[in-house]
Amino acid sequence: MTDTKLADDGLSLNRIGLYAVLLGLVVFYLLPLEAGIVTSFKSIRAYGQTAPFLPAVDGFTLAQWSSAVDQLSGSLFNSVLMAVPATVFSALFGSMAAYGLTNIDWRGQVGIYVLFVAGIFVPYQAVLVPLKRFWSQWVPLHIWLEPVWYLTGLGTDYAGLLALTITHIAYGIPICTLLFRSYYKSVSDEMVEAARLDGASIRRIYRRIILPLSIPMFAVTLIYQFTQIWNDLLFALIIVGPGDASVITQSLIGIGQSESVTNFPLQMAAAFVTALPTLLVYIFFGEQFAKGVTA
Amino acid sequence: MDSVRSWLRRRIDSVRSEQRLRTDGGTASDAVQSETGTGLRRYLDSDAVESAPFWLPAFLLVGLFVYGAIVWNVVISLTDYEGLGDPEYGSFDLENYRLMLQETGSYSFTNAFVNTIVLLVAFTLVCLVFGLVVAILVDRDIRFENTFRTIYLLPMSLSFVVTAKMWLWMYSSNGGFVNRALGVVGIGPVNFIRNPDPNVQLAAIVFALVWQFSGYAMVVYLAGLRAIPDEHFEAARVDGASLVKMYWRVVIPQLRTATVSASVVLMVFGLKAFDFLRALYGNDTPAVGTDILPTYMVRVAFGDASRIAYGSAVAVVLFALAFSIVLPYLYSEYRRGAL
């Protein structure tokens, strides 16, 4: 269909109309971001007087950004400390589970796999109360690992951050397994079978054949999973709560919010500080992100 | 341990050589053979045991944190636990569920339930329609297709907390874009997110969510469109079907799978709108028209009232709602062999 269509309309009015609509959509999708960026560079006096999508000539300032970075640096560190290991481990567990449930053929694996997949759709609310009790009563990491919090100088608040990391690993496994399984299905059974006939153990096949083959899929999974974990608010609110170990999404809520006025320039700067890691990931690895969401 | 393994291995090998011998012969008797195999042998089926180190740790984590927690939540919902000491697991009743149905008024369960349904349906439908239209446009052999696609999908990579802050500013009656634009045509300023009309509040939320996720529907539909064989387009063209007719009669019916899977995922995103509302309104009480079950649950369970068991019951309803959509979907996926 492709060639005929091009020949049909060439550079006709239709074509121009099409591009106009597409550009209009670009404006639609980018306008809130553009307005946010522009506003984040305005002084508090200038932002009310200028159009929200135009830069202010007189009122340009970096004060909002430096204030936002100041206020968020602690929780930015916490978010990295939590999101990086949570991402890596959920991807690793997902890859291993997908291998055990796909390339090795055994009865009942589809049943187990269905449980994994259904886990993707569980609304967090359905587990919040038990999770809160689990981490405070059953597995009180702040008590169990007291020497760690003391020796590292982090303080016991960070027990909540560790609990959050583990929770995110568990909740990331289902989607990671799904992503890897769809990929591992395309790995030829003959190759795995041949390796097994040659006497390679299941573990060896994973390390020598499957793992090297999955590098592109690891990129997709890590990117998708990092974005999900970084962006989450609800688990952090309930498991970490207020305190030194708050993650960045928690801190962003309260910034620039006083009783009487909302400091929008500061809020916008803070929003972009929060979004920066995921935006960078998206700009550099957009293709992988798209693969992750459509799997 | 080692001896068990080697025994298993020998056993496996003998079974396997039996099977290999028989592959050119009776497949039917094979099936009978495995049907009559003892339960124990089935469970110790070599590969299940040998592959366990790979899937079992992940399975235990998911089993504990997801399924264990879901069951535990159901149990708590049958108690009257309010956060002090331990829940009383002695006496179970459905009191919390009865209370839920009795609640009426502005911030009631019923209000949240209705809002949830309206939000999910409106958000999903608008996303699908909008996403399909954009996908059809992007599919028309355009230049810079990748760039357009990347831009349309970009909002989805942002946190709800970030997009909530952006829309707070967009909707602001104190110089925000939307009200400035409306001001040009002489309307407003309109207070969208705290409008006296609950429907306007909800519509404002749905609009922002559509902005964030319609790109996703577009990407799914685009993949669906690409999977339709070119001949179908050609055939429709030869038949002299107009462009609109071609899409309506030939293309859209073939996008059923894409529509179903996109709807399910969009609904799941819709249920996560808690983060968005929490950040938009700054506390656990959103405007009454936007109070959905996810925000309602967190407020009753973890707010000042601390009605934990009641919150658990609300969570059970939310879970049932989500899975009444997801389970049929998973079943159909299973039936068509996509799992």
# chains A, B, ... in the order shown; residues from 1 in each chain; ligands from 1
call {"tool": "residues_around", "arguments": {"residues": "A:Gly111", "least_positions_apart": "3", "cutoff": "12 Å", "atoms": "only C-alpha atoms", "output": "PyMOL selection string"}}
result
(chain A and resi 101+106-108+114-118) or (chain B and resi 59+330-331+334+339)
call {"tool": "residues_around", "arguments": {"residues": "stretch 239-255 of chain A", "least_positions_apart": "6", "cutoff": "7 Å", "atoms": "only C-alpha atoms", "output": "list of chain:residue names"}}
result
A:Leu72, A:Ser75, A:Leu76, A:Asn78, A:Ser79, A:Lys132, A:Asp157, A:Tyr158, A:Gly160, A:Leu161, A:Leu164, A:Asn231, A:Leu233, A:Gln267, A:Ala270, A:Ala271, A:Thr274, B:Val161, B:Ala279, B:Gly282
call {"tool": "select_by_dssp", "arguments": {"residues": "stretch 11-97 of chain A", "states": "helix (DSSP H, G or I)", "output": "VMD selection string"}}
result
chain A and resid 13 to 40 63 to 97
call {"tool": "closest_residue", "arguments": {"among": "A:Ala97, A:Ile205, A:Leu280, A:Leu18", "to": "chain B", "atoms": "only C-alpha atoms"}}
result
A:Ala97
call {"tool": "residues_around", "arguments": {"residues": "A:Phe289", "least_positions_apart": "3", "cutoff": "9 Å", "atoms": "only C-alpha atoms", "output": "VMD selection string"}}
result
(chain A and resid 219 to 221 223 to 224 227 281 to 282 285 to 286 292 to 294) or (chain B and resid 157)
call {"tool": "write_last_selection", "arguments": {"atoms": "N, CA, C and O atoms", "output": "PDB file, in the first residue's frame"}}
result
ATOM      1  N   ALA A 219      17.932  -4.680  27.918  1.00  0.00           N
ATOM      2  CA  ALA A 219      17.847  -3.227  27.728  1.00  0.00           C
ATOM      3  C   ALA A 219      16.391  -2.778  27.822  1.00  0.00           C
ATOM      4  O   ALA A 219      16.058  -1.842  28.556  1.00  0.00           O
ATOM      5  N   VAL A 220      15.500  -3.493  27.112  1.00  0.00           N
ATOM      6  CA  VAL A 220      14.084  -3.134  27.131  1.00  0.00           C
ATOM      7  C   VAL A 220      13.528  -3.208  28.557  1.00  0.00           C
ATOM      8  O   VAL A 220      12.880  -2.280  29.052  1.00  0.00           O
ATOM      9  N   THR A 221      13.803  -4.332  29.222  1.00  0.00           N
ATOM     10  CA  THR A 221      13.228  -4.550  30.545  1.00  0.00           C
ATOM     11  C   THR A 221      13.764  -3.553  31.565  1.00  0.00           C
ATOM     12  O   THR A 221      13.001  -2.989  32.353  1.00  0.00           O
ATOM     13  N   ILE A 223      14.949  -0.612  31.107  1.00  0.00           N
ATOM     14  CA  ILE A 223      14.451   0.738  30.855  1.00  0.00           C
ATOM     15  C   ILE A 223      12.999   0.880  31.303  1.00  0.00           C
ATOM     16  O   ILE A 223      12.627   1.827  31.992  1.00  0.00           O
ATOM     17  N   TYR A 224      12.198  -0.099  30.922  1.00  0.00           N
ATOM     18  CA  TYR A 224      10.796  -0.029  31.293  1.00  0.00           C
ATOM     19  C   TYR A 224      10.635  -0.080  32.814  1.00  0.00           C
ATOM     20  O   TYR A 224       9.927   0.725  33.416  1.00  0.00           O
ATOM     21  N   THR A 227      11.763   3.044  34.744  1.00  0.00           N
ATOM     22  CA  THR A 227      10.771   4.109  34.646  1.00  0.00           C
ATOM     23  C   THR A 227       9.610   3.860  35.602  1.00  0.00           C
ATOM     24  O   THR A 227       9.175   4.762  36.314  1.00  0.00           O
ATOM     25  N   VAL A 281      16.411   8.769  29.964  1.00  0.00           N
ATOM     26  CA  VAL A 281      16.291   7.378  29.535  1.00  0.00           C
ATOM     27  C   VAL A 281      15.393   7.296  28.300  1.00  0.00           C
ATOM     28  O   VAL A 281      15.702   6.614  27.327  1.00  0.00           O
ATOM     29  N   TYR A 282      14.301   8.046  28.329  1.00  0.00           N
ATOM     30  CA  TYR A 282      13.368   7.989  27.213  1.00  0.00           C
ATOM     31  C   TYR A 282      13.985   8.566  25.945  1.00  0.00           C
ATOM     32  O   TYR A 282      13.821   8.020  24.855  1.00  0.00           O
ATOM     33  N   PHE A 285      16.701   6.011  24.854  1.00  0.00           N
ATOM     34  CA  PHE A 285      16.276   4.631  24.602  1.00  0.00           C
ATOM     35  C   PHE A 285      14.775   4.552  24.320  1.00  0.00           C
ATOM     36  O   PHE A 285      14.112   3.619  24.737  1.00  0.00           O
ATOM     37  N   GLY A 286      14.243   5.542  23.616  1.00  0.00           N
ATOM     38  CA  GLY A 286      12.806   5.573  23.352  1.00  0.00           C
ATOM     39  C   GLY A 286      12.309   4.322  22.655  1.00  0.00           C
ATOM     40  O   GLY A 286      11.220   3.825  22.944  1.00  0.00           O
ATOM     41  N   GLY A 292       8.912  -2.078  25.348  1.00  0.00           N
ATOM     42  CA  GLY A 292       8.491  -2.517  26.683  1.00  0.00           C
ATOM     43  C   GLY A 292       7.003  -2.328  26.893  1.00  0.00           C
ATOM     44  O   GLY A 292       6.326  -3.231  27.373  1.00  0.00           O
ATOM     45  N   VAL A 293       6.476  -1.169  26.516  1.00  0.00           N
ATOM     46  CA  VAL A 293       5.063  -0.917  26.796  1.00  0.00           C
ATOM     47  C   VAL A 293       4.141  -1.713  25.886  1.00  0.00           C
ATOM     48  O   VAL A 293       3.008  -1.994  26.250  1.00  0.00           O
ATOM     49  N   THR A 294       4.606  -2.094  24.707  1.00  0.00           N
ATOM     50  CA  THR A 294       3.688  -2.791  23.808  1.00  0.00           C
ATOM     51  C   THR A 294       3.797  -4.302  23.899  1.00  0.00           C
ATOM     52  O   THR A 294       3.045  -4.992  23.232  1.00  0.00           O
TER      53      THR A 294
ATOM     54  N   SER B 157       6.171   8.269  29.674  1.00  0.00           N
ATOM     55  CA  SER B 157       7.380   7.927  30.435  1.00  0.00           C
ATOM     56  C   SER B 157       7.492   8.766  31.706  1.00  0.00           C
ATOM     57  O   SER B 157       8.379   8.541  32.502  1.00  0.00           O
TER      58      SER B 157
END
call {"tool": "atom_distance", "arguments": {"atom1": "atom CA of B:Leu120", "atom2": "atom CA of A:Thr167"}}
result
26.6 Å
call {"tool": "atom_distance", "arguments": {"atom1": "atom CA of B:Val190", "atom2": "atom CA of B:Ser108"}}
result
26.3 Å
call {"tool": "closest_residue", "arguments": {"among": "A:Tyr206, A:Tyr150, A:Tyr184, A:Tyr29", "to": "chain B", "atoms": "only C-alpha atoms"}}
result
A:Tyr29
call {"tool": "residues_around", "arguments": {"residues": "B:Leu84", "least_positions_apart": "6", "cutoff": "12 Å", "atoms": "only C-alpha atoms", "output": "PyMOL selection string"}}
result
(chain A and resi 133+137) or (chain B and resi 306-309)
call {"tool": "residues_around", "arguments": {"residues": "B:Gly176", "least_positions_apart": "3", "cutoff": "10 Å", "atoms": "only C-alpha atoms", "output": "list in words"}}
result
Ala35, Tyr47, Gly48, Ala51, Pro52, Phe53 and Phe264 of chain A; Met166, Trp167, Leu168, Trp169, Met170, Tyr171, Ser172, Ser173, Asn179, Arg180, Ala181 and Pro189 of chain B
call {"tool": "write_last_selection", "arguments": {"atoms": "all heavy atoms", "output": "compact mmCIF listing (two decimals), in the first residue's frame"}}
result
# COMPACT_ATOMS: atom_id res chain seq x y z
N ALA A 35 5.41 24.50 28.53
CA ALA A 35 4.97 25.52 29.48
C ALA A 35 5.68 25.33 30.81
O ALA A 35 6.07 26.31 31.48
CB ALA A 35 3.46 25.44 29.67
N TYR A 47 6.22 35.34 36.44
CA TYR A 47 5.44 34.27 35.83
C TYR A 47 3.95 34.61 35.69
O TYR A 47 3.29 34.18 34.76
CB TYR A 47 5.65 32.96 36.58
CG TYR A 47 4.63 32.61 37.61
CD1 TYR A 47 3.51 31.84 37.28
CD2 TYR A 47 4.77 33.01 38.92
CE1 TYR A 47 2.58 31.51 38.23
CE2 TYR A 47 3.85 32.69 39.88
CZ TYR A 47 2.74 31.94 39.53
OH TYR A 47 1.82 31.61 40.48
N GLY A 48 3.45 35.44 36.62
CA GLY A 48 2.03 35.80 36.54
C GLY A 48 1.74 36.77 35.42
O GLY A 48 0.62 36.89 34.95
N ALA A 51 2.93 35.26 29.29
CA ALA A 51 2.19 34.11 28.80
C ALA A 51 2.90 32.84 29.28
O ALA A 51 4.13 32.78 29.30
CB ALA A 51 2.15 34.14 27.27
N PRO A 52 2.12 31.81 29.67
CA PRO A 52 2.73 30.63 30.28
C PRO A 52 3.66 29.86 29.34
O PRO A 52 4.51 29.10 29.80
CB PRO A 52 1.53 29.77 30.69
CG PRO A 52 0.37 30.31 29.93
CD PRO A 52 0.65 31.75 29.67
N PHE A 53 3.51 30.08 28.02
CA PHE A 53 4.33 29.29 27.09
C PHE A 53 5.45 30.11 26.46
O PHE A 53 6.16 29.63 25.60
CB PHE A 53 3.45 28.67 26.00
CG PHE A 53 2.58 29.68 25.30
CD1 PHE A 53 3.03 30.29 24.15
CD2 PHE A 53 1.33 30.01 25.81
CE1 PHE A 53 2.24 31.21 23.51
CE2 PHE A 53 0.54 30.94 25.17
CZ PHE A 53 1.00 31.55 24.02
N PHE A 264 4.47 28.22 41.31
CA PHE A 264 4.52 27.36 40.12
C PHE A 264 5.91 27.26 39.50
O PHE A 264 6.31 26.17 39.10
CB PHE A 264 3.49 27.82 39.09
CG PHE A 264 2.11 27.31 39.39
CD1 PHE A 264 1.08 28.19 39.67
CD2 PHE A 264 1.85 25.95 39.40
CE1 PHE A 264 -0.20 27.71 39.95
CE2 PHE A 264 0.58 25.47 39.68
CZ PHE A 264 -0.44 26.35 39.97
N MET B 166 2.30 19.40 36.26
CA MET B 166 2.18 20.15 35.01
C MET B 166 0.75 20.55 34.74
O MET B 166 0.48 21.67 34.30
CB MET B 166 2.70 19.30 33.85
CG MET B 166 4.20 19.23 33.84
SD MET B 166 4.73 18.04 32.61
CE MET B 166 6.48 18.09 32.91
N TRP B 167 -0.17 19.63 34.99
CA TRP B 167 -1.57 19.97 34.73
C TRP B 167 -2.14 20.90 35.78
O TRP B 167 -3.05 21.67 35.49
CB TRP B 167 -2.41 18.69 34.58
CG TRP B 167 -2.20 18.13 33.23
CD1 TRP B 167 -1.36 17.11 32.89
CD2 TRP B 167 -2.77 18.61 32.00
NE1 TRP B 167 -1.38 16.92 31.52
CE2 TRP B 167 -2.24 17.82 30.96
CE3 TRP B 167 -3.67 19.62 31.68
CZ2 TRP B 167 -2.58 18.01 29.63
CZ3 TRP B 167 -4.01 19.81 30.34
CH2 TRP B 167 -3.48 19.01 29.33
N LEU B 168 -1.60 20.87 36.97
CA LEU B 168 -1.99 21.84 37.99
C LEU B 168 -1.70 23.24 37.46
O LEU B 168 -2.49 24.17 37.61
CB LEU B 168 -1.19 21.58 39.27
CG LEU B 168 -1.67 22.25 40.55
CD1 LEU B 168 -3.05 21.75 40.91
CD2 LEU B 168 -0.69 21.97 41.68
N TRP B 169 -0.56 23.36 36.82
CA TRP B 169 -0.15 24.64 36.24
C TRP B 169 -0.96 24.95 34.99
O TRP B 169 -1.43 26.07 34.79
CB TRP B 169 1.35 24.61 35.99
CG TRP B 169 1.93 25.76 35.19
CD1 TRP B 169 2.85 25.64 34.19
CD2 TRP B 169 1.69 27.15 35.34
NE1 TRP B 169 3.17 26.88 33.70
CE2 TRP B 169 2.47 27.83 34.39
CE3 TRP B 169 0.87 27.91 36.18
CZ2 TRP B 169 2.48 29.21 34.24
CZ3 TRP B 169 0.86 29.29 36.03
CH2 TRP B 169 1.66 29.93 35.07
N MET B 170 -1.18 23.95 34.14
CA MET B 170 -1.97 24.18 32.92
C MET B 170 -3.37 24.67 33.28
O MET B 170 -3.92 25.57 32.64
CB MET B 170 -2.10 22.88 32.12
CG MET B 170 -0.85 22.41 31.43
SD MET B 170 -0.34 23.47 30.07
CE MET B 170 -1.48 22.94 28.78
N TYR B 171 -3.98 24.08 34.29
CA TYR B 171 -5.37 24.39 34.66
C TYR B 171 -5.48 25.60 35.58
O TYR B 171 -6.59 26.06 35.86
CB TYR B 171 -6.00 23.19 35.37
CG TYR B 171 -6.44 22.05 34.48
CD1 TYR B 171 -6.27 20.73 34.86
CD2 TYR B 171 -7.06 22.30 33.26
CE1 TYR B 171 -6.68 19.68 34.07
CE2 TYR B 171 -7.48 21.25 32.46
CZ TYR B 171 -7.29 19.94 32.86
OH TYR B 171 -7.71 18.91 32.07
N SER B 172 -4.35 26.07 36.09
CA SER B 172 -4.39 27.12 37.11
C SER B 172 -5.20 28.32 36.63
O SER B 172 -5.10 28.75 35.49
CB SER B 172 -2.97 27.55 37.44
OG SER B 172 -2.99 28.80 38.10
N SER B 173 -6.02 28.86 37.54
CA SER B 173 -6.76 30.07 37.14
C SER B 173 -5.89 31.31 37.36
O SER B 173 -6.30 32.42 37.12
CB SER B 173 -8.07 30.17 37.92
OG SER B 173 -7.95 29.59 39.18
N ASN B 179 -6.68 28.43 30.99
CA ASN B 179 -7.53 29.59 31.27
C ASN B 179 -7.13 30.81 30.46
O ASN B 179 -7.97 31.62 30.10
CB ASN B 179 -7.50 29.91 32.76
CG ASN B 179 -8.57 29.11 33.50
OD1 ASN B 179 -9.72 29.07 33.09
ND2 ASN B 179 -8.17 28.44 34.57
N ARG B 180 -5.84 30.95 30.15
CA ARG B 180 -5.42 32.05 29.27
C ARG B 180 -6.06 31.88 27.90
O ARG B 180 -6.55 32.84 27.31
CB ARG B 180 -3.90 32.02 29.10
CG ARG B 180 -3.18 32.44 30.33
CD ARG B 180 -2.49 33.75 30.09
NE ARG B 180 -1.77 34.14 31.28
CZ ARG B 180 -1.02 35.21 31.35
NH1 ARG B 180 -0.89 35.98 30.29
NH2 ARG B 180 -0.41 35.51 32.45
N ALA B 181 -6.03 30.64 27.39
CA ALA B 181 -6.60 30.37 26.07
C ALA B 181 -8.10 30.63 26.08
O ALA B 181 -8.64 31.24 25.16
CB ALA B 181 -6.30 28.94 25.65
N PRO B 189 -12.13 33.10 34.14
CA PRO B 189 -11.38 31.88 34.37
C PRO B 189 -12.20 30.78 35.03
O PRO B 189 -13.04 31.06 35.88
CB PRO B 189 -10.25 32.34 35.31
CG PRO B 189 -10.78 33.54 36.00
CD PRO B 189 -11.74 34.19 35.06
call {"tool": "atom_distance", "arguments": {"atom1": "atom CA of B:Phe160", "atom2": "atom CA of B:Phe276"}}
result
4.7 Å
call {"tool": "residues_around", "arguments": {"residues": "B:Gly90", "least_positions_apart": "5", "cutoff": "12 Å", "atoms": "only C-alpha atoms", "output": "ChimeraX atom specification"}}
result
/B:75-76,78-81
call {"tool": "closest_residue", "arguments": {"among": "A:Tyr113, A:Phe60, A:Trp65, A:Phe28", "to": "A:Ile173", "atoms": "only C-alpha atoms"}}
result
A:Tyr113
call {"tool": "residues_around", "arguments": {"residues": "A:Arg181", "least_positions_apart": "2", "cutoff": "8 Å", "atoms": "only C-alpha atoms", "output": "ChimeraX atom specification"}}
result
/A:95,98-99,101-102,177-179,183-185
call {"tool": "write_last_selection", "arguments": {"atoms": "N, CA and C atoms", "output": "PDB file, in the first residue's frame"}}
result
ATOM      1  N   SER A  95      14.127 -12.687  34.130  1.00  0.00           N
ATOM      2  CA  SER A  95      14.801 -13.440  33.078  1.00  0.00           C
ATOM      3  C   SER A  95      14.941 -14.913  33.462  1.00  0.00           C
ATOM      4  N   ALA A  98      11.502 -16.606  33.437  1.00  0.00           N
ATOM      5  CA  ALA A  98      11.020 -16.821  32.078  1.00  0.00           C
ATOM      6  C   ALA A  98      11.751 -18.003  31.442  1.00  0.00           C
ATOM      7  N   TYR A  99      13.051 -18.112  31.727  1.00  0.00           N
ATOM      8  CA  TYR A  99      13.819 -19.239  31.185  1.00  0.00           C
ATOM      9  C   TYR A  99      13.288 -20.556  31.742  1.00  0.00           C
ATOM     10  N   LEU A 101      10.477 -21.231  32.807  1.00  0.00           N
ATOM     11  CA  LEU A 101       9.087 -21.498  32.440  1.00  0.00           C
ATOM     12  C   LEU A 101       8.876 -21.560  30.935  1.00  0.00           C
ATOM     13  N   THR A 102       9.928 -21.336  30.166  1.00  0.00           N
ATOM     14  CA  THR A 102       9.732 -21.309  28.721  1.00  0.00           C
ATOM     15  C   THR A 102      10.612 -22.307  27.987  1.00  0.00           C
ATOM     16  N   THR A 177       9.014 -10.996  33.741  1.00  0.00           N
ATOM     17  CA  THR A 177       8.886 -12.368  33.248  1.00  0.00           C
ATOM     18  C   THR A 177       8.147 -12.382  31.913  1.00  0.00           C
ATOM     19  N   LEU A 178       7.075 -11.613  31.845  1.00  0.00           N
ATOM     20  CA  LEU A 178       6.305 -11.540  30.601  1.00  0.00           C
ATOM     21  C   LEU A 178       7.170 -11.053  29.442  1.00  0.00           C
ATOM     22  N   LEU A 179       7.944  -9.981  29.698  1.00  0.00           N
ATOM     23  CA  LEU A 179       8.774  -9.425  28.633  1.00  0.00           C
ATOM     24  C   LEU A 179       9.794 -10.455  28.159  1.00  0.00           C
ATOM     25  N   TYR A 183      10.189 -13.087  24.510  1.00  0.00           N
ATOM     26  CA  TYR A 183      11.438 -13.101  23.745  1.00  0.00           C
ATOM     27  C   TYR A 183      12.033 -14.514  23.686  1.00  0.00           C
ATOM     28  N   TYR A 184      12.004 -15.193  24.827  1.00  0.00           N
ATOM     29  CA  TYR A 184      12.605 -16.527  24.877  1.00  0.00           C
ATOM     30  C   TYR A 184      11.837 -17.535  24.025  1.00  0.00           C
ATOM     31  N   LYS A 185      10.545 -17.258  23.821  1.00  0.00           N
ATOM     32  CA  LYS A 185       9.766 -18.163  22.975  1.00  0.00           C
ATOM     33  C   LYS A 185      10.369 -18.236  21.574  1.00  0.00           C
TER      34      LYS A 185
END
call {"tool": "closest_residue", "arguments": {"among": "B:Cys127, B:Met218, B:Met297, B:Ala273", "to": "chain A", "atoms": "only C-alpha atoms"}}
result
B:Met297
call {"tool": "closest_residue", "arguments": {"among": "A:Gly155, A:Pro216, A:Gly256, A:Gly59", "to": "chain B", "atoms": "only C-alpha atoms"}}
result
A:Gly256
